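**Q** Take a look at the following structure, please.
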Amino acid sequence: MHAEVFDRFHEAESPLHRLDPRVKVVVTVLFILSNALLPDGAWAAFGLSWLLLLGLNAFSRLGADFTFRRSFVALPFALAALSAIFSPLGHPLATWTLGPLTLIPTDFGLVKFASILLRSWISVQAAILLVATTRFPDMIHAFEHLRVPGILTTIVSFLYRYLFVLTDEVLRLLRARDSRSAAEPGRRSGRNIFWRARVTGNMAGQLFLRSYERSDRIYNAMLARGYDGHLRTLNPHILRPRDWTYGAAAAILLLLIQLVGRF
Amino acid sequence: MLYSPAPMHIPDGFLSLVMSIIFWGITALTVGIAITKTNKTLGEKQVPLMGIMAAFIFAAQMLNFPVAGGTSGHFLGGALAAIVLGPWAGILVMTAVIALQGLLFQDGGLLVMGANIFNMGILTAVIGYGLYRGALNQNKTVRLAMAGIAAWLSTVTAALLVSFQLWLSGTSQLQIVVPAMLGVHVLIGLGEAVVTVAALAFILQTRPDLLDSKAVAEKGGRGWVVVGVIASLAAVLLSPLASASPDGLERVAKDMGFLHLGQAAPYKLLPDYTIPFLGQTALSTIVAGAVGALVLLGLMIVLGSALRRKVS
């Protein structure tokens, strides 16, 4: 199993990659917060947010359409917002009859739906850019600096580190199941769905025990190498004047976007 | 291919700011308590264990099984984690899993992560561990059955809560989102239940020491049973009500001031950009929401204890 399946970091030589991870985390959260604060239908401000994002994309030397190409992960969830179109709070635009249902799309509802989609779409791109330009351990370290409790960041670091190992374990289990489940072409192997789910449950139990016992061995190995409850990193993470400048510039731009969105 | 997003992770932009802040508050508080509790009861050895258990939950979510029509069910794991590791450790493990999914895979947003952790980590631990602990003194079959019910209920309750959050944020219409979410997750929950029961049965057979009744009981007090039963009852009572007569529920919410909180919040937070007014509005809405939640919680506790007395 290769790390790049999970690793979202994209190597490049750019000012955005060199920026302190704390600044990147804080600016990303501020950016998403700014999107949430923009009122529905503030198209100009949404456009400016997106332009800012495009600029940052270019700044990262990963290509201006880098996040755009990866931005459709949240799209299935748009189904949930679909019903906002028929909000009763606005002026009706039309009447659609679907069997027993009468659907009345309203202007207010349409604006709301479009705003929700835009907000979500722009926000998700900011998060994509963050993980593409920041190594995950550095990001976790940044959260530590930002006063996220140590036990949580340590658990997440372990999770990230052993994800690959346990994924290999899962692949072995799946391969074992496949090799024992011969089937004729076009016919599914195995019995009914409960039987299949039970097999999956046994695999989960097996995986649990292997992980549990592995964690014992890992802990002993770590103890032998001097583990004292802290994971260390070689990057010192000192905020330089440049980091402050970039952070402040981003904050001012976001403030301007807010002003545009409200007038 | 390896990692398919579960349909319950809310992305950024779908919840109103006030909803996000309220749930971040509740989640931060609960996770904070969980950290103090685990720090007190567990040694430093448990930290790698919890990290690897988080990786286990993540990896176990890749074990999918074909359901029907080309769809496949997969496993969320919150109930199983809470039963095996105890509720507090289970909450921390699920928090880590959801945080990683949100941060690394954009499966669930950052601003709404509080709500996601609450729905899939805290609620599932409350129901999963609470119900299982309630059946601890029974024989193995009853215990396993209870674990299955708990796993199913935790999935359905989380789905119900997601619908309410979407509705109170003004994103979805109640009469559409509740039946849709419940319909899907009633089925997904069945898969969750069977997998959880089978995994527990497997662990009971191979490492019974891990699921020793005394050890499980030590990880959380009786309070978990009460809260778990109340949360389950609330879900069981609310789901039919919400799907059968959403208008009634909507009116109750309107009377209690919830509806205003949800739907008006996003655009009234900064009505005239007068800063003092902003603070007042945002604060008062949040306080109103918190008071409403507390009243509801008190009501549920009274109801729960009354029901418990009747039973015993």
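If you're wondering about the labels, chains in the structure tokens are A, B, ... by order shown, residues count from 1 in each chain, ligands from 1 in order shown.
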Could you give me, as a PyMOL selection string, the residues within 9 Å of region 82-87 of chain A, counting only C-alpha atoms and dropping anything in the same chain fewer than 6 positions from it?
**A** (chain A and resi 103-114) or (chain B and resi 170-174+176-177)
**Q** Taking the DSSP assignment computed from this structure's backbone, write out as a ChimeraX atom specification all residues of region 17-259 of chain A that belong to alpha helix (DSSP H).
**A** /A:17-18,21-37,43-59,66-69,78-81,107-133,136-145,150-180,193-224,241-259
**Q** Could I get the residues of chain B with an atom no further than 7 Å from an atom of chain A, each paired with its nearest atom pair and that distance in Å to one decimal, using only C-alpha atoms, sorted by chain and residue number, as a tab-separated table?
**A**
```
residue	atom	partner	partner_atom	distance
B:Pro11	CA	A:Ala74	CA	6.2
B:Asp12	CA	A:Ser120	CA	5.1
B:Gly13	CA	A:Ser120	CA	4.3
B:Phe14	CA	A:Ile116	CA	6.1
B:Leu17	CA	A:Ala36	CA	6.2
B:Glu44	CA	A:Gly229	CA	6.3
B:Lys45	CA	A:Tyr219	CA	6.8
B:Val47	CA	A:Ile155	CA	6.4
B:Pro48	CA	A:Phe158	CA	6.5
B:Leu49	CA	A:Ser215	CA	5.5
B:Met50	CA	A:Ile155	CA	6.3
B:Gly51	CA	A:Ile155	CA	4.2
B:Ile52	CA	A:Leu159	CA	5.8
B:Met53	CA	A:Ser211	CA	6.9
B:Ala54	CA	A:Leu159	CA	5.7
B:Ala55	CA	A:Leu159	CA	4.7
B:Phe56	CA	A:Phe208	CA	6.4
B:Ala59	CA	A:Thr167	CA	5.5
B:Ala60	CA	A:Ala204	CA	6.0
B:Leu63	CA	A:Thr200	CA	6.6
B:Phe65	CA	A:Ala197	CA	6.3
B:Val67	CA	A:Ile193	CA	6.3
B:Ala96	CA	A:Val156	CA	5.3
B:Leu100	CA	A:Val156	CA	6.9
B:Leu104	CA	A:Val131	CA	6.3
B:Gln106	CA	A:Val124	CA	6.6
B:Thr171	CA	A:Ala81	CA	5.2
B:Ser172	CA	A:Ala84	CA	5.1
B:Gln173	CA	A:Ser83	CA	5.5
B:Ile176	CA	A:Ser83	CA	6.8
B:Val177	CA	A:Ala80	CA	6.7
B:Gly191	CA	A:Ala197	CA	6.4
B:Val194	CA	A:Ala197	CA	6.0
B:Val195	CA	A:Gly201	CA	4.0
B:Thr196	CA	A:Gly201	CA	6.2
B:Ala198	CA	A:Gly201	CA	4.5
B:Ala199	CA	A:Gly205	CA	4.1
B:Leu200	CA	A:Gly205	CA	6.6
B:Phe202	CA	A:Gly205	CA	5.5
B:Ile203	CA	A:Gly205	CA	5.8
B:Pro266	CA	A:Pro39	CA	6.9
B:Tyr267	CA	A:Pro39	CA	5.4
```
**Q** Output as an NGL selection string all residues of region 58-241 of chain A that backbone DSSP marks as strand (DSSP E or B).
**A** :A and (92 or 96-98 or 101-103 or 106)
**Q** Which residues are close to Tyr129 (chain B), i.e. within 10 Å by only C-alpha atoms, leaving aside same-chain residues fewer than 3 positions away? Reply as a ChimeraX atom specification.
**A** /B:78-88,90,123-126,132-134,147,150-151,216-217,219-220,224-225,228
**Q** I'd like the interatomic distance between CA of Ala180 (chain B) and CA of Thr95 (chain A), to a tenth of an Å.
**A**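 Computing the Euclidean distance for CA of Ala180 (chain B) and CA of Thr95 (chain A) yields 22.2 Å.
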**Q** What gap, in Å, lies between CA of His9 (chain B) and CA of Gly183 (chain B)?
**A**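 So the two atoms, CA of His9 (chain B) and CA of Gly183 (chain B), lie 16.9 Å apart.
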**Q** Interatomic distance between CA of Leu129 (chain A) and CA of Thr67 (chain A)?
**A**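 Atom-to-atom, CA of Leu129 (chain A) and CA of Thr67 (chain A) are spaced 6.3 Å apart.
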**Q** I need the residue nearest Ile10 (chain B) from this list: B:Thr157, B:Ser163, B:Thr36, B:Gln138. Use only C-alpha atoms for the distance.
**A**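 Under the stated criterion, the closest residue is B:Ser163.
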